[in-house]
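A.B. asks: Pasting a structure here, questions to come.
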Amino acid sequence: MLNIQLDVHPQTEQRLKKLLNVINDQEVFAQHLLDYHIAELKKGILNIRLDLKQFEDTYQISTKHFYQQFAEGSLIDDREEYMIWAGLYEMLSENEHRLQELA
């Protein structure tokens with residue numbers, strides 16, 4: 001059995017209590033909550049990959065190869081697009097790691 005203490009606003013606490021009072025199977029509720037979070041991570045990963053594909057098409061280089069050069073500091077300039085591209089790749093890596101932990 002898992003007892004969870006959440007630090008939430010009083011209004012949120014009341015809403016959660018009402019929800020838990022009407023749920024017959026808390027295991028199903030917990031599984032649905034996890035499934036929802038996993039689905040949101042997958043959608044986020046897909047959207048990030050679409051954004052990365054646009055950068056790859058524009059600069060004709062894979063994101064992994066770009067990020068390696070970016071991390072090494074071997075790119076010619078520090079254009080804002082490179083910062084965004086690198087940030088998206090880091091977000092992708094973090095989301096994929098979270099997904100692996102939950103799956």
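In the structure tokens, the first chain shown is A, the next is B, and so on; residue numbers restart at 1 for each chain, and ligands run from 1 in the order shown.
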Determine, counting only C-alpha atoms, which protein, DNA and RNA residues have an atom within 8 Å of an atom of Asn95 (chain A); residues of the same chain fewer than 3 positions away are not included. Present the result as a ChimeraX atom specification.
C.D. replies: /A:41,44-45,91-92,98-99
A.B. asks: Excluding Ala86 (chain A) and residues on its chain fewer than 4 positions from it, collect all residues at most 12 Å away from it, counting only C-alpha atoms, and give them as a PyMOL selection string.
C.D. replies: chain A and resi 48+51-52+55-56+62-71+73+78-82+90-93
A.B. asks: Mind pulling up the distance from CA of His97 (chain A) to CA of Ser74 (chain A)?
C.D. replies: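 Going from CA of Ser74 (chain A) over to CA of His97 (chain A) covers 26.7 Å.
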A.B. asks: Using only C-alpha atoms, pick whichever of A:Glu96, A:Asp25, A:Asp7, A:Glu72 has the shortest atom-to-atom distance to Leu46 (chain A).
C.D. replies: A:Glu96
A.B. asks: For Gln31 (chain A), list every protein, DNA or RNA residue within 12 Å, evaluated using only C-alpha atoms, and leave out those in the same chain fewer than 6 positions away; present the list as a VMD selection string.
C.D. replies: chain A and resid 25 37 to 38 102 to 103
